[in-house]
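Visitor: Structure incoming, see below.
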Amino acid sequence: MGARGIWTLSAISEGHTSPGAIASLMMLPPSMVSGDLNQLVDGGLIERQRDSSDGRWLIYTLTQAGQEMLSGAHQVYVEILGDKLDTYPREDLDRLLRMLFEVCRYVRDRVED
């Protein structure tokens, strides 16, 4: 599974459960996200259900296997990132975090408009 699959699992775990919400969050065409979702369903990592309040909508949730896959991917990411970040002074990391927060807020504000 590639990074986009992990990002999709992460989006679903954070409550972005519809194809449109996932596509918007990831800034990808809905058709691409639909293909990724189908692969994740076929792989047993997510489940697809009809929305109980509106049967026209599809809702995706992680399976146990999907949760385990995401947890393992996060652990690897944290280890790799931690190894590199340990080489920087604390002040640089503080500055990096502030910059990342500002960039994320800027992008989110533009996407939500």
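Residue names in the structure tokens use chain letters A, B, ... in the order shown, residue numbers from 1 in each chain, and ligand numbers from 1 in the order shown.
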Using DSSP on the backbone coordinates, identify the residues of stretch 1-108 of chain A assigned to strand (DSSP E); present them as a PyMOL selection string.
Guide: chain A and resi 46-50+58-62
Visitor: Leaving out A:Met1 and any residue of its chain fewer than 4 positions from it, which residues lie within 12 Å of it when counting only C-alpha atoms, given as number ranges by chain?
Guide: A: 5-9, 36, 39-40, 43, 45, 66, 69-70, 73
Visitor: Counting only C-alpha atoms, what is within 9 Å of A:Met27, bar same-chain residues fewer than 4 positions away, as a ChimeraX atom specification?
Guide: /A:22-23,111
Visitor: A:Ile46, A:Pro19, A:Ser10, A:Val103: which is nearest A:Ser31, counting only C-alpha atoms?
Guide: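 Checking each of A:Ile46, A:Pro19, A:Ser10, A:Val103 against A:Ser31, counting only C-alpha atoms, the winner is A:Pro19.
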Visitor: Among the residues of stretch 22-81 of chain A, find those DSSP assigns to alpha helix (DSSP H) from the backbone and print them as an MDAnalysis selection string.
Guide: chainID A and resid 22:26 30:42 64:81
Visitor: Generate a file of the selected residues that holds N, CA and C atoms, formatted as an mmCIF file, in the first residue's frame.
Guide:
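Result went into part_4.cif, see below:
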data_model
loop_
_atom_site.group_PDB
_atom_site.id
_atom_site.type_symbol
_atom_site.label_atom_id
_atom_site.label_comp_id
_atom_site.auth_asym_id
_atom_site.auth_seq_id
_atom_site.Cartn_x
_atom_site.Cartn_y
_atom_site.Cartn_z
ATOM 1 N N ILE A 22 -13.393 13.029 1.858
ATOM 2 C CA ILE A 22 -12.018 12.535 1.721
ATOM 3 C C ILE A 22 -11.338 13.206 0.536
ATOM 4 N N ALA A 23 -12.045 13.292 -0.598
ATOM 5 C CA ALA A 23 -11.486 13.938 -1.789
ATOM 6 C C ALA A 23 -11.156 15.396 -1.512
ATOM 7 N N SER A 24 -12.049 16.081 -0.829
ATOM 8 C CA SER A 24 -11.815 17.494 -0.502
ATOM 9 C C SER A 24 -10.608 17.649 0.408
ATOM 10 N N LEU A 25 -10.538 16.835 1.442
ATOM 11 C CA LEU A 25 -9.420 16.896 2.383
ATOM 12 C C LEU A 25 -8.091 16.637 1.685
ATOM 13 N N MET A 26 -8.069 15.658 0.799
ATOM 14 C CA MET A 26 -6.826 15.267 0.150
ATOM 15 C C MET A 26 -6.551 16.063 -1.127
ATOM 16 N N PRO A 30 -12.597 13.260 -7.049
ATOM 17 C CA PRO A 30 -13.413 12.202 -6.447
ATOM 18 C C PRO A 30 -13.243 10.847 -7.135
ATOM 19 N N SER A 31 -13.046 10.835 -8.444
ATOM 20 C CA SER A 31 -12.889 9.558 -9.148
ATOM 21 C C SER A 31 -11.635 8.812 -8.667
ATOM 22 N N MET A 32 -10.578 9.542 -8.373
ATOM 23 C CA MET A 32 -9.353 8.913 -7.884
ATOM 24 C C MET A 32 -9.574 8.349 -6.485
ATOM 25 N N VAL A 33 -10.258 9.120 -5.655
ATOM 26 C CA VAL A 33 -10.534 8.674 -4.287
ATOM 27 C C VAL A 33 -11.454 7.455 -4.310
ATOM 28 N N SER A 34 -12.428 7.450 -5.202
ATOM 29 C CA SER A 34 -13.335 6.292 -5.301
ATOM 30 C C SER A 34 -12.569 5.024 -5.639
ATOM 31 N N GLY A 35 -11.615 5.120 -6.556
ATOM 32 C CA GLY A 35 -10.792 3.963 -6.886
ATOM 33 C C GLY A 35 -9.979 3.482 -5.702
ATOM 34 N N ASP A 36 -9.405 4.431 -4.967
ATOM 35 C CA ASP A 36 -8.631 4.071 -3.776
ATOM 36 C C ASP A 36 -9.527 3.405 -2.734
ATOM 37 N N LEU A 37 -10.725 3.948 -2.534
ATOM 38 C CA LEU A 37 -11.658 3.377 -1.559
ATOM 39 C C LEU A 37 -12.046 1.952 -1.955
ATOM 40 N N ASN A 38 -12.290 1.724 -3.241
ATOM 41 C CA ASN A 38 -12.627 0.369 -3.701
ATOM 42 C C ASN A 38 -11.494 -0.605 -3.407
ATOM 43 N N GLN A 39 -10.245 -0.174 -3.628
ATOM 44 C CA GLN A 39 -9.102 -1.047 -3.341
ATOM 45 C C GLN A 39 -8.996 -1.355 -1.848
ATOM 46 N N LEU A 40 -9.254 -0.354 -1.022
ATOM 47 C CA LEU A 40 -9.184 -0.563 0.426
ATOM 48 C C LEU A 40 -10.308 -1.479 0.909
ATOM 49 N N VAL A 41 -11.501 -1.356 0.305
ATOM 50 C CA VAL A 41 -12.601 -2.270 0.629
ATOM 51 C C VAL A 41 -12.212 -3.684 0.218
ATOM 52 N N ASP A 42 -11.730 -3.836 -1.016
ATOM 53 C CA ASP A 42 -11.329 -5.162 -1.514
ATOM 54 C C ASP A 42 -10.219 -5.776 -0.663
ATOM 55 N N GLN A 64 -10.901 -3.748 11.625
ATOM 56 C CA GLN A 64 -9.827 -4.024 12.574
ATOM 57 C C GLN A 64 -8.490 -4.090 11.843
ATOM 58 N N ALA A 65 -8.488 -4.743 10.676
ATOM 59 C CA ALA A 65 -7.250 -4.831 9.886
ATOM 60 C C ALA A 65 -6.788 -3.449 9.439
ATOM 61 N N GLY A 66 -7.731 -2.581 9.088
ATOM 62 C CA GLY A 66 -7.385 -1.212 8.691
ATOM 63 C C GLY A 66 -6.803 -0.420 9.846
ATOM 64 N N GLN A 67 -7.393 -0.598 11.027
ATOM 65 C CA GLN A 67 -6.874 0.084 12.220
ATOM 66 C C GLN A 67 -5.457 -0.379 12.528
ATOM 67 N N GLU A 68 -5.220 -1.674 12.408
ATOM 68 C CA GLU A 68 -3.887 -2.220 12.673
ATOM 69 C C GLU A 68 -2.880 -1.729 11.634
ATOM 70 N N MET A 69 -3.288 -1.671 10.370
ATOM 71 C CA MET A 69 -2.413 -1.178 9.303
ATOM 72 C C MET A 69 -2.040 0.283 9.565
ATOM 73 N N LEU A 70 -3.026 1.094 9.908
ATOM 74 C CA LEU A 70 -2.776 2.505 10.166
ATOM 75 C C LEU A 70 -1.895 2.698 11.393
ATOM 76 N N SER A 71 -2.146 1.947 12.427
ATOM 77 C CA SER A 71 -1.334 2.039 13.636
ATOM 78 C C SER A 71 0.121 1.683 13.343
ATOM 79 N N GLY A 72 0.326 0.618 12.585
ATOM 80 C CA GLY A 72 1.686 0.216 12.217
ATOM 81 C C GLY A 72 2.376 1.260 11.361
ATOM 82 N N ALA A 73 1.643 1.842 10.422
ATOM 83 C CA ALA A 73 2.216 2.878 9.557
ATOM 84 C C ALA A 73 2.588 4.110 10.370
ATOM 85 N N HIS A 74 1.724 4.485 11.308
ATOM 86 C CA HIS A 74 2.031 5.637 12.163
ATOM 87 C C HIS A 74 3.273 5.376 13.002
ATOM 88 N N GLN A 75 3.409 4.166 13.511
ATOM 89 C CA GLN A 75 4.571 3.839 14.326
ATOM 90 C C GLN A 75 5.857 3.947 13.514
ATOM 91 N N VAL A 76 5.849 3.417 12.308
ATOM 92 C CA VAL A 76 7.031 3.517 11.430
ATOM 93 C C VAL A 76 7.343 4.974 11.130
ATOM 94 N N TYR A 77 6.304 5.746 10.821
ATOM 95 C CA TYR A 77 6.474 7.171 10.517
ATOM 96 C C TYR A 77 7.083 7.912 11.705
ATOM 97 N N VAL A 78 6.575 7.647 12.895
ATOM 98 C CA VAL A 78 7.087 8.315 14.100
ATOM 99 C C VAL A 78 8.547 7.953 14.333
ATOM 100 N N GLU A 79 8.899 6.694 14.133
ATOM 101 C CA GLU A 79 10.289 6.276 14.331
ATOM 102 C C GLU A 79 11.224 6.950 13.331
ATOM 103 N N ILE A 80 10.837 6.949 12.069
ATOM 104 C CA ILE A 80 11.673 7.581 11.036
ATOM 105 C C ILE A 80 11.786 9.064 11.287
ATOM 106 N N LEU A 81 10.652 9.696 11.533
ATOM 107 C CA LEU A 81 10.648 11.143 11.771
ATOM 108 C C LEU A 81 11.434 11.485 13.039
#
Visitor: By how many Å are atom CA of A:Pro29 and atom CA of A:Asp54 apart?
Guide: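 Atom-to-atom, atom CA of A:Pro29 and atom CA of A:Asp54 are spaced 22.9 Å apart.
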Visitor: Let me make sure I understand: among A:Ile12, A:Leu28, A:Leu96, A:Cys104, which one has the smallest atom-to-atom distance to A:Ile59 if we use only C-alpha atoms?
Guide: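 Result for the nearest residue to A:Ile59: A:Ile12.
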